[in-house]
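Enquirer: Please find one structure pasted underneath; my questions will follow.
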Amino acid sequence: MSTVVLVGAQWGDEGKGKLTDYMAEEADVVVRYQGGNNAGHTVVTGGREFKLHLVPSGILHPEKVCVIGNGVVIDPAVLRRELEMLGESGWSLATLYISERAHLIMPYHRRLDELEEENRNGCCIGTTRRGIGPAYTDKYARDGIRMVDLLEKDAQRLKKIVARKCRFMEKLYDSRDFNPEEVVREYLGHAAHFRPYVRDTSLLVYDAVQAGRNVLFEGAQGTLLDVDHGTYPYVTSSNPTAAAAAVGSGVGPRVIDHVIGVTKAYTTRVGEGPFPTELEDGTGQCLRQAGREFGTTTGRPRRCGWLDAVVLRYAARVNGLDYLAVTKLDVLSGLPMLRICRAYNSRGREIRDFPSRVSDLAEYVPVYEELPGWSEDLTGVRSLNELPGAARGYLERLSELAGVPVGLVSVGPGREQTLALIPPFGR
Ligand code: IMP
């Protein structure tokens, strides 16, 4: 048995959904541990594309136990739509479980997210406006509403908090959009739909570990969007990094055996904030088109750039990565020359470690290594040996600079387009 955390090594959108789906083949339990419907995982199976925001992509494998952990914030309407979509597409939800302790995104959280963005006076974070930040704010302010509160017989806590928050919205923002009775009615209307799935999922995951099952912890977003370790304040409001898998699922840190960092073969970012290797030229556009780099959740075009090994070294350190899973290597086909940023330059000084201040990052100039590209289409490649020499050379150099091995390589969205150099649960 083995437990593995799959974590984004960049700014999110690294292709974790596809890899979770791939690894779910060998997993018994798949647990989502943080974030909310700011995430969007695209999974292609049987020629059909599924976009999931809350339910772990393991659900697309019959009989895998899928858990939405306590660290996740849930927008009930979004979750209901997702469950309906999966049900209508013929997927069984019999093995889906939702943590009693997961917090709910309320309508005023979504509104607050918009209002706060509008009032940041030119310092927007570029949030997904899904209410994520305000929901986590209420969680830590101890004003959150959890799944258990929704299922309580008289829903006292739900009623009290909603009434207070609606008053607060009116007083502070002159926002009369919310009628407390209507909000309570709407949310209680969701309760019956969730009741069959809600459990003490910490116990469920613990029992699975005790029974020697393979457990996969699926992170959303990525290391550089982590509220502690990311490019603060241009981050999300949760901890996507690997240690949070324990807190966000209700197991001890010693339960985690391995950590895999997912990185694209290049870099993308959505929203505001510094991005040293960003390409605002034709090459950036090429990557966007070839990689179909448009947000799953918001449809926003993603900013694209060269691979940044400073970021990967940092991700390896703060997550304790065993190895990297490199996705979208096929997208680089056709570029005559490739670059990897190995360090930053700051007024003649070489910087090898990722800085704490975004103002530093914005000033740093990437120091690049140039590597030869390849013209071959990689989407049909099924083993490392079939890769062109230049593609193998690119992976080798990426691994040297990041300081961790490459264990998985993805050359397309399908499950079969994955090269496993290290067996995912086997190390
Ligand atoms: P929030 O999570 O909606 O508060 O947004 C905060 C920042 O994280 C913004 O820059 C978003 O674009 C970014 N973000 C949130 N979720 C994702 C994701 O799943 N992929 C990529 N970026 C994300």
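In the structure tokens, chains take the letters A, B, ... in the order shown, each chain's residues start at 1, and ligands count up from 1 in the order shown.
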Each residue of segment 348-426 of chain A lying at most 9 Å from segment 306-320 of chain A should get a row with its shortest atom-to-atom pair and the distance in Å to one decimal, counting only C-alpha atoms; could you produce that, ordered by chain and increasing number, as JSON lines?

Expert:
```
{"residue": "A:Ile351", "atom": "CA", "partner": "A:Val310", "partner_atom": "CA", "distance": 8.8}
{"residue": "A:Arg352", "atom": "CA", "partner": "A:Val310", "partner_atom": "CA", "distance": 6.3}
{"residue": "A:Asp353", "atom": "CA", "partner": "A:Val310", "partner_atom": "CA", "distance": 6.2}
{"residue": "A:Phe354", "atom": "CA", "partner": "A:Val310", "partner_atom": "CA", "distance": 6.2}
{"residue": "A:Pro366", "atom": "CA", "partner": "A:Asp308", "partner_atom": "CA", "distance": 8.4}
{"residue": "A:Tyr368", "atom": "CA", "partner": "A:Asp308", "partner_atom": "CA", "distance": 9.0}
{"residue": "A:Leu398", "atom": "CA", "partner": "A:Ala309", "partner_atom": "CA", "distance": 6.9}
{"residue": "A:Ser399", "atom": "CA", "partner": "A:Ala309", "partner_atom": "CA", "distance": 8.7}
{"residue": "A:Leu401", "atom": "CA", "partner": "A:Ala309", "partner_atom": "CA", "distance": 5.9}
{"residue": "A:Ala402", "atom": "CA", "partner": "A:Arg313", "partner_atom": "CA", "distance": 4.6}
{"residue": "A:Gly403", "atom": "CA", "partner": "A:Arg313", "partner_atom": "CA", "distance": 6.3}
{"residue": "A:Val404", "atom": "CA", "partner": "A:Ala316", "partner_atom": "CA", "distance": 7.1}
```

Enquirer: Would you export the selected residues with C-alpha atoms as a short mmCIF file (atom, residue, chain, number, x, y, z; two decimals), in the first residue's frame, please?

Expert:
```cif
data_model
loop_
_atom_site.label_atom_id
_atom_site.label_comp_id
_atom_site.auth_asym_id
_atom_site.auth_seq_id
_atom_site.Cartn_x
_atom_site.Cartn_y
_atom_site.Cartn_z
CA ILE A 351 19.65 34.39 -7.56
CA ARG A 352 18.98 30.66 -7.32
CA ASP A 353 16.18 30.65 -4.74
CA PHE A 354 12.63 31.85 -5.10
CA PRO A 366 15.62 35.20 -16.01
CA TYR A 368 18.19 31.11 -19.59
CA LEU A 398 14.83 20.00 -16.53
CA SER A 399 15.36 17.27 -13.94
CA LEU A 401 18.02 21.93 -12.75
CA ALA A 402 15.00 21.09 -10.59
CA GLY A 403 17.03 18.66 -8.51
CA VAL A 404 14.42 15.89 -8.69
#
```

Enquirer: Using only C-alpha atoms and all ligand atoms, what are the residues with an atom within 8 Å of ligand 1, set out as a ChimeraX atom specification?

Expert: /A:11-13,35-41,113,125-133,220-222,225,234-238,269-273,295,297

Enquirer: Skip segment 188-205 of chain A itself and residues of its chain fewer than 5 positions away, then list as a PyMOL selection string all residues within 9 Å of it, counting only C-alpha atoms.

Expert: chain A and resi 29+31+67-70+76-77+80+93-101+147-148+150-151+155+183+210+215+249-251

Enquirer: Among segment 91-280 of chain A, which ones does DSSP place in alpha helix (DSSP H), written as a PyMOL selection string?

Expert: chain A and resi 107-118+132-140+147-151+156-173+180-194+201-210+244-247

Enquirer: Given only C-alpha atoms as the basis, pick out the residue of A:Cys166, A:Leu86, A:Ala325, A:Val406 nearest to Lys16 of chain A.

Expert: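 Distance minimum relative to Lys16 of chain A lands on A:Ala325.
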
Enquirer: Which is closest to Asp149 of chain A among A:Arg415, A:Asp21, A:Leu216, A:His103, if we use only C-alpha atoms?

Expert: A:His103

Enquirer: Just checking: using only C-alpha atoms, which residue out of A:Glu170, A:Gly291, A:Glu116, A:Asp28 ends up closest to Met1 of chain A?

Expert: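 Distance minimum relative to Met1 of chain A lands on A:Asp28.
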
Enquirer: Within 12 Å of Val43 of chain A, counting only C-alpha atoms, which residues show up once you throw out same-chain ones fewer than 3 positions away? Write them as a PyMOL selection string, please.

Expert: chain A and resi 15-22+24+40+46-53+55-61+296+412-415

Enquirer: Keeping only N, CA and C atoms, write the selected residues to a file as a CSV table (one decimal), in the first residue's frame.

Expert:
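Saved to again33.csv:
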```csv
chain,number,residue,atom,x,y,z
A,15,GLY,N,-2.2,20.3,-15.1
A,15,GLY,CA,-2.6,19.0,-15.7
A,15,GLY,C,-2.8,17.9,-14.6
A,16,LYS,N,-3.1,18.4,-13.4
A,16,LYS,CA,-3.3,17.5,-12.3
A,16,LYS,C,-4.5,16.6,-12.5
A,17,GLY,N,-5.6,17.2,-13.1
A,17,GLY,CA,-6.8,16.4,-13.3
A,17,GLY,C,-6.5,15.2,-14.2
A,18,LYS,N,-5.8,15.3,-15.2
A,18,LYS,CA,-5.5,14.2,-16.1
A,18,LYS,C,-4.6,13.2,-15.3
A,19,LEU,N,-3.7,13.6,-14.5
A,19,LEU,CA,-2.8,12.7,-13.8
A,19,LEU,C,-3.5,12.0,-12.7
A,20,THR,N,-4.4,12.7,-12.0
A,20,THR,CA,-5.3,12.1,-11.0
A,20,THR,C,-6.1,11.0,-11.6
A,21,ASP,N,-6.6,11.3,-12.8
A,21,ASP,CA,-7.4,10.3,-13.5
A,21,ASP,C,-6.5,9.1,-13.8
A,22,TYR,N,-5.3,9.3,-14.3
A,22,TYR,CA,-4.4,8.3,-14.7
A,22,TYR,C,-4.0,7.4,-13.4
A,24,ALA,N,-5.6,7.2,-10.7
A,24,ALA,CA,-6.8,6.6,-10.0
A,24,ALA,C,-6.9,5.2,-10.4
A,40,GLY,N,-10.5,23.8,-11.9
A,40,GLY,CA,-11.2,23.1,-12.9
A,40,GLY,C,-10.3,22.1,-13.5
A,46,GLY,N,-12.7,7.8,-22.7
A,46,GLY,CA,-13.6,7.2,-23.7
A,46,GLY,C,-14.0,8.3,-24.8
A,47,GLY,N,-13.0,9.2,-25.1
A,47,GLY,CA,-13.3,10.2,-26.1
A,47,GLY,C,-14.2,11.3,-25.7
A,48,ARG,N,-14.6,11.3,-24.4
A,48,ARG,CA,-15.5,12.4,-23.9
A,48,ARG,C,-14.7,13.2,-22.9
A,49,GLU,N,-15.0,14.5,-23.0
A,49,GLU,CA,-14.3,15.5,-22.1
A,49,GLU,C,-15.2,15.8,-20.9
A,50,PHE,N,-14.6,15.7,-19.7
A,50,PHE,CA,-15.4,16.1,-18.5
A,50,PHE,C,-14.6,17.2,-17.7
A,51,LYS,N,-15.4,18.2,-17.4
A,51,LYS,CA,-14.8,19.3,-16.6
A,51,LYS,C,-15.3,19.2,-15.2
A,52,LEU,N,-14.4,18.9,-14.2
A,52,LEU,CA,-14.8,18.8,-12.8
A,52,LEU,C,-14.2,19.9,-12.0
A,53,HIS,N,-15.0,20.4,-11.1
A,53,HIS,CA,-14.5,21.5,-10.2
A,53,HIS,C,-14.4,21.1,-8.8
A,55,VAL,N,-15.6,17.5,-7.5
A,55,VAL,CA,-15.6,16.0,-7.3
A,55,VAL,C,-14.2,15.5,-7.8
A,56,PRO,N,-13.5,14.7,-7.1
A,56,PRO,CA,-12.2,14.2,-7.5
A,56,PRO,C,-12.3,13.5,-8.9
A,57,SER,N,-11.3,13.6,-9.7
A,57,SER,CA,-11.5,13.0,-11.0
A,57,SER,C,-11.5,11.5,-11.0
A,58,GLY,N,-11.1,10.9,-9.8
A,58,GLY,CA,-11.2,9.5,-9.6
A,58,GLY,C,-12.6,8.9,-9.8
A,59,ILE,N,-13.6,9.8,-9.8
A,59,ILE,CA,-15.0,9.4,-9.9
A,59,ILE,C,-15.3,8.8,-11.3
A,60,LEU,N,-14.4,9.1,-12.3
A,60,LEU,CA,-14.5,8.6,-13.6
A,60,LEU,C,-13.9,7.1,-13.7
A,61,HIS,N,-13.6,6.5,-12.6
A,61,HIS,CA,-13.2,5.1,-12.5
A,61,HIS,C,-14.2,4.4,-11.6
A,296,THR,N,-10.2,26.5,-17.4
A,296,THR,CA,-11.3,25.6,-17.4
A,296,THR,C,-12.5,26.3,-16.6
A,412,GLY,N,-0.3,14.0,-24.1
A,412,GLY,CA,-1.6,14.3,-24.6
A,412,GLY,C,-2.6,14.1,-23.5
A,413,PRO,N,-3.9,14.4,-23.8
A,413,PRO,CA,-4.9,14.4,-22.7
A,413,PRO,C,-5.4,13.0,-22.3
A,414,GLY,N,-5.2,12.0,-23.2
A,414,GLY,CA,-5.7,10.7,-22.9
A,414,GLY,C,-4.9,9.9,-21.9
A,415,ARG,N,-5.6,8.9,-21.2
A,415,ARG,CA,-4.9,8.1,-20.2
A,415,ARG,C,-3.7,7.4,-20.8
```

Enquirer: Excluding same-chain residues fewer than 5 positions from Gly219 of chain A, what lies within 7 Å of it counting only C-alpha atoms, as a list of chain:residue names?

Expert: A:Leu6, A:Val7, A:Gly8, A:Arg32, A:Tyr33, A:Gln34, A:Pro240

Enquirer: Output N, CA and C atoms for every residue in that selection, as a short mmCIF file (atom, residue, chain, number, x, y, z; two decimals), in the first residue's frame.

Expert:
```cif
data_model
loop_
_atom_site.label_atom_id
_atom_site.label_comp_id
_atom_site.auth_asym_id
_atom_site.auth_seq_id
_atom_site.Cartn_x
_atom_site.Cartn_y
_atom_site.Cartn_z
N LEU A 6 -0.49 14.40 -4.95
CA LEU A 6 -0.22 14.96 -6.27
C LEU A 6 -0.43 16.47 -6.15
N VAL A 7 0.65 17.22 -6.35
CA VAL A 7 0.57 18.65 -6.07
C VAL A 7 1.05 19.46 -7.29
N GLY A 8 0.45 20.60 -7.52
CA GLY A 8 0.88 21.47 -8.62
C GLY A 8 2.21 22.13 -8.25
N ARG A 32 -9.73 14.88 -2.38
CA ARG A 32 -9.44 16.29 -2.68
C ARG A 32 -9.31 17.01 -1.35
N TYR A 33 -8.23 17.79 -1.15
CA TYR A 33 -7.98 18.31 0.21
C TYR A 33 -8.05 19.82 0.39
N GLN A 34 -8.19 20.60 -0.65
CA GLN A 34 -8.30 22.06 -0.45
C GLN A 34 -8.91 22.72 -1.67
N PRO A 240 -2.32 24.78 -1.22
CA PRO A 240 -2.24 23.65 -2.14
C PRO A 240 -1.02 22.74 -1.88
#
```

Enquirer: Under the rule that only C-alpha atoms are counted, which of A:Gly248, A:Pro301, A:Gly90, A:Pro405 is the nearest residue to Ile422 of chain A?

Expert: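 For Ile422 of chain A, the nearest of the candidates is A:Pro405.
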